[in-house]
file structure-v3.csv (CSV, C-alpha atoms)
chain,number,residue,atom,x,y,z
A,69,MET,CA,-58.6,50.2,21.7
A,70,ASP,CA,-57.3,50.4,18.2
A,71,ILE,CA,-58.1,53.9,16.9
A,72,VAL,CA,-57.9,54.5,13.2
A,73,ILE,CA,-58.0,58.0,11.7
A,74,ARG,CA,-59.3,58.3,8.2
A,75,GLN,CA,-61.4,60.4,5.9
A,76,ALA,CA,-65.1,60.6,6.8
A,77,ARG,CA,-67.4,58.7,4.4
A,78,PRO,CA,-70.7,60.2,3.2
A,79,ALA,CA,-72.6,57.5,5.0
A,80,GLU,CA,-71.1,58.7,8.3
A,81,TYR,CA,-71.8,62.4,7.9
A,82,GLU,CA,-75.1,62.3,9.8
A,83,ALA,CA,-73.7,60.4,12.7
A,84,LEU,CA,-70.6,62.6,12.9
A,85,GLY,CA,-72.8,65.7,12.8
A,86,GLU,CA,-74.8,64.3,15.7
A,87,ILE,CA,-71.7,63.4,17.7
A,88,THR,CA,-70.3,66.9,17.1
A,89,ALA,CA,-73.6,68.7,18.0
A,90,GLN,CA,-74.0,66.6,21.2
A,91,ALA,CA,-70.4,67.2,22.3
A,92,TYR,CA,-70.9,70.9,22.0
A,93,LEU,CA,-74.3,70.8,23.7
A,94,GLN,CA,-73.3,68.5,26.5
A,95,ASP,CA,-70.2,70.6,27.2
A,96,GLY,CA,-72.2,73.8,27.3
A,97,LEU,CA,-70.3,75.3,24.4
A,98,LEU,CA,-73.3,76.8,22.6
A,99,ASP,CA,-74.5,80.0,24.2
A,100,PHE,CA,-78.1,79.5,23.0
A,101,GLY,CA,-78.2,75.7,23.5
A,102,GLU,CA,-80.6,73.8,21.2
A,103,HIS,CA,-81.6,77.2,19.6
A,104,ASP,CA,-78.0,78.2,18.7
A,105,GLU,CA,-77.5,78.8,15.0
A,106,TYR,CA,-74.1,77.2,15.1
A,107,LEU,CA,-75.7,73.9,15.9
A,108,GLY,CA,-76.8,73.6,12.3
A,109,VAL,CA,-73.3,74.3,11.1
A,110,LEU,CA,-71.9,71.6,13.4
A,111,LYS,CA,-74.4,69.0,12.1
A,112,ASP,CA,-73.7,69.9,8.4
A,113,VAL,CA,-70.8,67.6,7.8
A,114,ALA,CA,-71.5,67.3,4.1
A,115,ARG,CA,-71.0,71.1,3.7
A,116,ARG,CA,-67.7,70.9,5.7
A,117,ALA,CA,-66.5,68.0,3.6
A,118,ALA,CA,-67.2,69.9,0.4
A,119,ALA,CA,-64.9,72.7,1.5
A,120,ALA,CA,-62.3,71.0,3.6
A,121,GLU,CA,-61.1,67.6,4.8
A,122,VAL,CA,-63.2,65.9,7.5
A,123,LEU,CA,-61.5,63.2,9.4
A,124,VAL,CA,-63.0,60.6,11.8
A,125,ALA,CA,-61.6,58.5,14.6
A,126,THR,CA,-62.9,54.9,14.6
A,127,ASP,CA,-62.5,51.8,16.7
A,128,GLY,CA,-63.6,49.0,14.4
A,129,ASP,CA,-67.0,50.1,13.1
A,130,LYS,CA,-67.6,52.5,16.0
A,131,LEU,CA,-67.4,56.2,15.2
A,132,LEU,CA,-65.6,57.9,18.1
A,133,GLY,CA,-65.4,61.5,16.8
A,134,GLY,CA,-64.1,63.8,14.1
A,135,VAL,CA,-62.4,67.0,13.1
A,136,THR,CA,-62.4,69.4,10.1
A,137,PHE,CA,-58.9,70.1,8.7
A,138,VAL,CA,-58.7,73.2,6.5
A,139,PRO,CA,-55.4,72.9,4.6
A,140,SER,CA,-55.2,76.4,3.0
A,141,GLY,CA,-57.9,78.9,3.7
A,142,GLY,CA,-61.2,78.8,1.9
A,143,PRO,CA,-64.7,79.1,3.3
A,144,MET,CA,-64.1,76.9,6.3
A,145,ALA,CA,-61.2,78.9,7.6
A,146,ASP,CA,-61.8,81.2,10.6
A,147,ILE,CA,-58.4,82.5,11.4
A,148,ALA,CA,-55.9,80.9,9.0
A,149,ARG,CA,-53.7,83.2,7.1
A,150,SER,CA,-51.5,82.6,4.1
A,151,GLY,CA,-49.3,79.6,4.7
A,152,GLU,CA,-51.4,78.3,7.6
A,153,ALA,CA,-53.7,75.3,8.0
A,154,GLU,CA,-56.6,75.3,10.5
A,155,ILE,CA,-58.2,72.8,12.8
A,156,ARG,CA,-62.0,73.2,13.3
A,157,MET,CA,-64.8,71.4,15.1
A,158,LEU,CA,-62.9,68.8,17.0
A,159,ALA,CA,-65.4,66.6,18.8
A,160,VAL,CA,-65.3,63.2,20.5
A,161,ASP,CA,-68.3,61.3,21.7
A,162,HIS,CA,-68.7,61.5,25.5
A,163,THR,CA,-68.6,57.7,25.8
A,164,ALA,CA,-65.3,57.6,23.9
A,165,ARG,CA,-63.4,60.3,25.8
A,166,GLY,CA,-60.2,59.7,27.6
A,167,ARG,CA,-59.0,57.0,25.1
A,168,GLY,CA,-56.8,59.2,22.9
A,169,ALA,CA,-59.2,59.8,20.0
A,170,GLY,CA,-59.0,63.6,20.3
A,171,GLU,CA,-55.2,63.6,20.4
A,172,ALA,CA,-55.1,61.1,17.5
A,173,LEU,CA,-57.3,63.5,15.4
A,174,VAL,CA,-55.1,66.5,16.2
A,175,ARG,CA,-52.0,64.5,15.4
A,176,ALA,CA,-53.5,63.6,12.0
A,177,CYS,CA,-54.2,67.2,11.3
A,178,VAL,CA,-50.6,68.2,12.1
A,179,GLU,CA,-49.3,65.4,9.8
A,180,ARG,CA,-51.5,66.7,7.0
A,181,ALA,CA,-50.4,70.3,7.6
A,182,ARG,CA,-46.7,69.2,7.4
A,183,ALA,CA,-47.5,67.4,4.1
A,184,THR,CA,-49.3,70.5,2.7
A,185,GLU,CA,-46.9,72.4,0.4
A,186,GLY,CA,-46.2,75.9,1.6
A,187,CYS,CA,-47.8,75.3,5.0
A,188,VAL,CA,-45.6,76.7,7.8
A,189,ARG,CA,-48.1,76.7,10.7
A,190,ILE,CA,-51.3,75.2,11.9
A,191,VAL,CA,-53.8,77.3,13.9
A,192,LEU,CA,-57.0,76.8,15.8
A,193,SER,CA,-59.6,78.5,18.0
A,194,SER,CA,-60.9,77.1,21.3
A,195,GLN,CA,-63.4,78.1,23.9
A,196,ARG,CA,-62.0,79.1,27.3
A,197,THR,CA,-63.7,76.1,29.1
A,198,MET,CA,-62.2,73.4,26.8
A,199,HIS,CA,-59.4,72.6,29.3
A,200,GLY,CA,-59.0,69.0,28.1
A,201,ALA,CA,-58.5,70.1,24.5
A,202,HIS,CA,-56.0,72.8,25.7
A,203,ARG,CA,-54.0,70.1,27.4
A,204,ILE,CA,-53.8,68.1,24.2
A,205,TYR,CA,-52.8,71.1,22.1
A,206,GLU,CA,-50.1,72.1,24.6
A,207,ARG,CA,-48.8,68.6,24.9
A,208,LEU,CA,-48.4,68.5,21.1
A,209,GLY,CA,-46.4,71.7,21.1
A,210,PHE,CA,-49.1,74.3,20.3
A,211,VAL,CA,-48.7,77.7,22.0
A,212,ARG,CA,-51.3,80.3,22.9
A,213,THR,CA,-51.5,83.3,20.6
A,214,PRO,CA,-53.5,85.9,22.6
A,215,ASP,CA,-53.0,88.5,19.9
A,216,ARG,CA,-55.2,86.4,17.6
A,217,ASP,CA,-58.0,85.7,20.1
A,218,TRP,CA,-61.3,86.8,18.6
A,219,ASN,CA,-65.1,87.0,19.1
A,220,PRO,CA,-67.4,85.2,16.5
A,221,ILE,CA,-70.4,87.1,17.9
A,222,PRO,CA,-69.2,90.7,18.5
A,223,HIS,CA,-72.4,91.9,20.1
A,224,LEU,CA,-71.9,89.3,22.9
A,225,THR,CA,-68.9,90.6,24.8
A,226,ASP,CA,-68.3,87.4,26.9
A,227,ILE,CA,-67.5,85.1,23.9
A,228,THR,CA,-63.8,85.3,23.2
A,229,LEU,CA,-62.2,82.3,21.5
A,230,LEU,CA,-58.6,81.5,22.5
A,231,THR,CA,-56.2,80.8,19.7
A,232,TYR,CA,-53.3,78.4,19.4
A,233,GLU,CA,-50.6,77.8,16.8
A,234,LEU,CA,-48.0,75.2,16.0
A,235,THR,CA,-45.1,76.2,13.8
A,236,LEU,CA,-44.2,73.3,11.6

call {"tool": "encode", "arguments": {"input": "structure-v3.csv", "output": "structure tokens"}}
result
Amino acid sequence: MDIVIRQARPAEYEALGEITAQAYLQDGLLDFGEHDEYLGVLKDVARRAAAAEVLVATDGDKLLGGVTFVPSGGPMADIARSGEAEIRMLAVDHTARGRGAGEALVRACVERARATEGCVRIVLSSQRTMHGAHRIYERLGFVRTPDRDWNPIPHLTDITLLTYELTL
């Protein structure tokens, strides 16, 4: 497989939104399933692309997955502070998993962070059950930052996102 990482094209937004939504649903990452408000956010790639950089992994003309790279704060940042970039909404189609697309997307984000003036660190949030993603992050040198763990829905006490960072 020849994986290419590049900027998402508007014609791919709908398909990438569906890949992202299905990855989260099939992995049980949405507490309210098909009724979860976050599902709409995951599907709205155009909105993400207007506020950050959306990258895709492709093999020929097949879309394998994507990620949102937030270079320096703004409306798409959840936890990034000054001098930090952030990785958001990493997702790979279930049929394409295990081929390196997820790792290639994370590597592309790290490269972009290194090329961003003033960026000293890249950060991300992850759900506890995303063990495959955690292995990728740790293999690439990310370390856990438990002091930054947070809950996006405070009234639900069992939803704590784990955080990771990579100093550049």

call {"tool": "atom_distance", "arguments": {"input": "structure-v3.csv", "atom1": "atom CA of A:Leu132", "atom2": "atom CA of A:Arg203"}}
result
19.2 Å

call {"tool": "closest_residue", "arguments": {"input": "structure-v3.csv", "among": "A:Ile73, A:Val188, A:Leu93, A:Ile87", "to": "A:Val174", "atoms": "all atoms listed in the file"}}
result
A:Ile73

call {"tool": "closest_residue", "arguments": {"input": "structure-v3.csv", "among": "A:His223, A:Arg74, A:His199, A:Arg115", "to": "A:Leu173", "atoms": "all atoms listed in the file"}}
result
A:Arg74

call {"tool": "residues_near_point", "arguments": {"input": "structure-v3.csv", "point": "(-71.5, 54.4, 16.2)", "cutoff": "12 Å", "atoms": "all atoms listed in the file", "output": "list in words"}}
result
Ala79, Glu80, Tyr81, Glu82, Ala83, Leu84, Gly85, Glu86, Ile87, Val124, Ala125, Thr126, Asp127, Gly128, Asp129, Lys130, Leu131, Leu132, Gly133, Val160, Asp161, Thr163 and Ala164 of chain A

call {"tool": "residues_around", "arguments": {"input": "structure-v3.csv", "residues": "A:Tyr205", "least_positions_apart": "5", "cutoff": "10 Å", "atoms": "only C-alpha atoms", "output": "list in words"}}
result
Gly170, Glu171, Val174, Arg175, Leu192, His199, Gly200, Phe210, Val211, Arg212, Tyr232, Glu233 and Leu234 of chain A

call {"tool": "write_last_selection", "arguments": {"input": "structure-v3.csv", "atoms": "C-alpha atoms", "output": "PDB file, in the coordinates of the input"}}
result
ATOM      1  CA  GLY A 170     -59.000  63.600  20.300  1.00  0.00           C
ATOM      2  CA  GLU A 171     -55.200  63.600  20.400  1.00  0.00           C
ATOM      3  CA  VAL A 174     -55.100  66.500  16.200  1.00  0.00           C
ATOM      4  CA  ARG A 175     -52.000  64.500  15.400  1.00  0.00           C
ATOM      5  CA  LEU A 192     -57.000  76.800  15.800  1.00  0.00           C
ATOM      6  CA  HIS A 199     -59.400  72.600  29.300  1.00  0.00           C
ATOM      7  CA  GLY A 200     -59.000  69.000  28.100  1.00  0.00           C
ATOM      8  CA  PHE A 210     -49.100  74.300  20.300  1.00  0.00           C
ATOM      9  CA  VAL A 211     -48.700  77.700  22.000  1.00  0.00           C
ATOM     10  CA  ARG A 212     -51.300  80.300  22.900  1.00  0.00           C
ATOM     11  CA  TYR A 232     -53.300  78.400  19.400  1.00  0.00           C
ATOM     12  CA  GLU A 233     -50.600  77.800  16.800  1.00  0.00           C
ATOM     13  CA  LEU A 234     -48.000  75.200  16.000  1.00  0.00           C
TER      14      LEU A 234
END

call {"tool": "decode", "arguments": {"input": "structure-v3.csv", "residues": "stretch 163-179 of chain A", "atoms": "all heavy atoms", "output": "PDB file, in the first residue's frame"}}
result
ATOM      1  N   THR A 163     -11.913  -0.704   7.538  1.00  0.00           N
ATOM      2  CA  THR A 163     -11.359  -1.604   6.523  1.00  0.00           C
ATOM      3  C   THR A 163      -9.904  -1.288   6.198  1.00  0.00           C
ATOM      4  O   THR A 163      -9.227  -2.091   5.560  1.00  0.00           O
ATOM      5  CB  THR A 163     -12.182  -1.551   5.222  1.00  0.00           C
ATOM      6  OG1 THR A 163     -12.095  -0.232   4.671  1.00  0.00           O
ATOM      7  CG2 THR A 163     -13.636  -1.911   5.471  1.00  0.00           C
ATOM      8  N   ALA A 164      -9.416  -0.132   6.628  1.00  0.00           N
ATOM      9  CA  ALA A 164      -8.042   0.274   6.315  1.00  0.00           C
ATOM     10  C   ALA A 164      -7.120   0.225   7.531  1.00  0.00           C
ATOM     11  O   ALA A 164      -5.942   0.570   7.423  1.00  0.00           O
ATOM     12  CB  ALA A 164      -8.047   1.695   5.737  1.00  0.00           C
ATOM     13  N   ARG A 165      -7.605  -0.219   8.636  1.00  0.00           N
ATOM     14  CA  ARG A 165      -6.788  -0.218   9.857  1.00  0.00           C
ATOM     15  C   ARG A 165      -5.691  -1.267   9.800  1.00  0.00           C
ATOM     16  O   ARG A 165      -5.801  -2.280   9.138  1.00  0.00           O
ATOM     17  CB  ARG A 165      -7.672  -0.437  11.074  1.00  0.00           C
ATOM     18  CG  ARG A 165      -8.543   0.780  11.312  1.00  0.00           C
ATOM     19  CD  ARG A 165      -9.228   0.744  12.619  1.00  0.00           C
ATOM     20  NE  ARG A 165     -10.019   1.968  12.785  1.00  0.00           N
ATOM     21  CZ  ARG A 165     -10.810   2.172  13.795  1.00  0.00           C
ATOM     22  NH1 ARG A 165     -10.932   1.276  14.751  1.00  0.00           N
ATOM     23  NH2 ARG A 165     -11.490   3.299  13.866  1.00  0.00           N
ATOM     24  N   GLY A 166      -4.607  -0.969  10.519  1.00  0.00           N
ATOM     25  CA  GLY A 166      -3.488  -1.890  10.587  1.00  0.00           C
ATOM     26  C   GLY A 166      -2.506  -1.753   9.442  1.00  0.00           C
ATOM     27  O   GLY A 166      -1.574  -2.539   9.323  1.00  0.00           O
ATOM     28  N   ARG A 167      -2.691  -0.751   8.601  1.00  0.00           N
ATOM     29  CA  ARG A 167      -1.817  -0.557   7.447  1.00  0.00           C
ATOM     30  C   ARG A 167      -0.897   0.648   7.584  1.00  0.00           C
ATOM     31  O   ARG A 167      -0.147   0.955   6.661  1.00  0.00           O
ATOM     32  CB  ARG A 167      -2.657  -0.382   6.184  1.00  0.00           C
ATOM     33  CG  ARG A 167      -3.553  -1.560   5.898  1.00  0.00           C
ATOM     34  CD  ARG A 167      -4.304  -1.312   4.613  1.00  0.00           C
ATOM     35  NE  ARG A 167      -5.452  -2.190   4.502  1.00  0.00           N
ATOM     36  CZ  ARG A 167      -6.353  -2.077   3.560  1.00  0.00           C
ATOM     37  NH1 ARG A 167      -6.266  -1.134   2.649  1.00  0.00           N
ATOM     38  NH2 ARG A 167      -7.374  -2.908   3.513  1.00  0.00           N
ATOM     39  N   GLY A 168      -1.000   1.363   8.697  1.00  0.00           N
ATOM     40  CA  GLY A 168      -0.106   2.499   8.916  1.00  0.00           C
ATOM     41  C   GLY A 168      -0.684   3.861   8.603  1.00  0.00           C
ATOM     42  O   GLY A 168       0.011   4.869   8.727  1.00  0.00           O
ATOM     43  N   ALA A 169      -1.950   3.931   8.214  1.00  0.00           N
ATOM     44  CA  ALA A 169      -2.548   5.228   7.876  1.00  0.00           C
ATOM     45  C   ALA A 169      -2.634   6.144   9.086  1.00  0.00           C
ATOM     46  O   ALA A 169      -2.326   7.340   8.995  1.00  0.00           O
ATOM     47  CB  ALA A 169      -3.930   5.031   7.258  1.00  0.00           C
ATOM     48  N   GLY A 170      -3.027   5.607  10.234  1.00  0.00           N
ATOM     49  CA  GLY A 170      -3.132   6.430  11.453  1.00  0.00           C
ATOM     50  C   GLY A 170      -1.787   7.006  11.846  1.00  0.00           C
ATOM     51  O   GLY A 170      -1.665   8.201  12.143  1.00  0.00           O
ATOM     52  N   GLU A 171      -0.766   6.163  11.844  1.00  0.00           N
ATOM     53  CA  GLU A 171       0.572   6.637  12.193  1.00  0.00           C
ATOM     54  C   GLU A 171       1.066   7.669  11.186  1.00  0.00           C
ATOM     55  O   GLU A 171       1.681   8.667  11.561  1.00  0.00           O
ATOM     56  CB  GLU A 171       1.549   5.470  12.285  1.00  0.00           C
ATOM     57  CG  GLU A 171       2.934   5.917  12.729  1.00  0.00           C
ATOM     58  CD  GLU A 171       3.846   4.772  13.091  1.00  0.00           C
ATOM     59  OE1 GLU A 171       3.369   3.691  13.503  1.00  0.00           O
ATOM     60  OE2 GLU A 171       5.073   4.968  12.964  1.00  0.00           O
ATOM     61  N   ALA A 172       0.803   7.447   9.907  1.00  0.00           N
ATOM     62  CA  ALA A 172       1.227   8.409   8.881  1.00  0.00           C
ATOM     63  C   ALA A 172       0.550   9.758   9.089  1.00  0.00           C
ATOM     64  O   ALA A 172       1.182  10.816   8.915  1.00  0.00           O
ATOM     65  CB  ALA A 172       0.924   7.865   7.491  1.00  0.00           C
ATOM     66  N   LEU A 173      -0.707   9.759   9.489  1.00  0.00           N
ATOM     67  CA  LEU A 173      -1.414  11.012   9.758  1.00  0.00           C
ATOM     68  C   LEU A 173      -0.817  11.735  10.962  1.00  0.00           C
ATOM     69  O   LEU A 173      -0.626  12.958  10.934  1.00  0.00           O
ATOM     70  CB  LEU A 173      -2.909  10.744   9.969  1.00  0.00           C
ATOM     71  CG  LEU A 173      -3.700  10.405   8.710  1.00  0.00           C
ATOM     72  CD1 LEU A 173      -5.017   9.724   9.053  1.00  0.00           C
ATOM     73  CD2 LEU A 173      -3.931  11.654   7.873  1.00  0.00           C
ATOM     74  N   VAL A 174      -0.497  10.999  12.017  1.00  0.00           N
ATOM     75  CA  VAL A 174       0.104  11.617  13.204  1.00  0.00           C
ATOM     76  C   VAL A 174       1.487  12.169  12.861  1.00  0.00           C
ATOM     77  O   VAL A 174       1.826  13.291  13.243  1.00  0.00           O
ATOM     78  CB  VAL A 174       0.176  10.621  14.386  1.00  0.00           C
ATOM     79  CG1 VAL A 174       0.947  11.233  15.563  1.00  0.00           C
ATOM     80  CG2 VAL A 174      -1.233  10.212  14.822  1.00  0.00           C
ATOM     81  N   ARG A 175       2.276  11.406  12.113  1.00  0.00           N
ATOM     82  CA  ARG A 175       3.605  11.889  11.698  1.00  0.00           C
ATOM     83  C   ARG A 175       3.492  13.189  10.886  1.00  0.00           C
ATOM     84  O   ARG A 175       4.290  14.104  11.055  1.00  0.00           O
ATOM     85  CB  ARG A 175       4.336  10.832  10.888  1.00  0.00           C
ATOM     86  CG  ARG A 175       4.878   9.682  11.696  1.00  0.00           C
ATOM     87  CD  ARG A 175       5.642   8.680  10.810  1.00  0.00           C
ATOM     88  NE  ARG A 175       6.088   7.538  11.558  1.00  0.00           N
ATOM     89  CZ  ARG A 175       7.171   7.510  12.314  1.00  0.00           C
ATOM     90  NH1 ARG A 175       7.936   8.570  12.408  1.00  0.00           N
ATOM     91  NH2 ARG A 175       7.508   6.405  12.969  1.00  0.00           N
ATOM     92  N   ALA A 176       2.502  13.264  10.014  1.00  0.00           N
ATOM     93  CA  ALA A 176       2.308  14.469   9.211  1.00  0.00           C
ATOM     94  C   ALA A 176       1.978  15.667  10.104  1.00  0.00           C
ATOM     95  O   ALA A 176       2.456  16.787   9.861  1.00  0.00           O
ATOM     96  CB  ALA A 176       1.202  14.250   8.180  1.00  0.00           C
ATOM     97  N   CYS A 177       1.196  15.436  11.141  1.00  0.00           N
ATOM     98  CA  CYS A 177       0.880  16.517  12.087  1.00  0.00           C
ATOM     99  C   CYS A 177       2.132  16.965  12.835  1.00  0.00           C
ATOM    100  O   CYS A 177       2.353  18.171  13.034  1.00  0.00           O
ATOM    101  CB  CYS A 177      -0.190  16.072  13.075  1.00  0.00           C
ATOM    102  SG  CYS A 177      -1.838  15.891  12.351  1.00  0.00           S
ATOM    103  N   VAL A 178       2.956  16.024  13.240  1.00  0.00           N
ATOM    104  CA  VAL A 178       4.207  16.368  13.932  1.00  0.00           C
ATOM    105  C   VAL A 178       5.100  17.189  13.015  1.00  0.00           C
ATOM    106  O   VAL A 178       5.672  18.210  13.434  1.00  0.00           O
ATOM    107  CB  VAL A 178       4.928  15.097  14.445  1.00  0.00           C
ATOM    108  CG1 VAL A 178       6.320  15.432  14.968  1.00  0.00           C
ATOM    109  CG2 VAL A 178       4.090  14.404  15.520  1.00  0.00           C
ATOM    110  N   GLU A 179       5.210  16.784  11.758  1.00  0.00           N
ATOM    111  CA  GLU A 179       6.019  17.549  10.793  1.00  0.00           C
ATOM    112  C   GLU A 179       5.485  18.961  10.633  1.00  0.00           C
ATOM    113  O   GLU A 179       6.252  19.923  10.597  1.00  0.00           O
ATOM    114  CB  GLU A 179       6.023  16.842   9.427  1.00  0.00           C
ATOM    115  CG  GLU A 179       6.822  15.561   9.401  1.00  0.00           C
ATOM    116  CD  GLU A 179       6.619  14.772   8.105  1.00  0.00           C
ATOM    117  OE1 GLU A 179       6.096  15.340   7.116  1.00  0.00           O
ATOM    118  OE2 GLU A 179       6.978  13.580   8.096  1.00  0.00           O
TER     119      GLU A 179
END
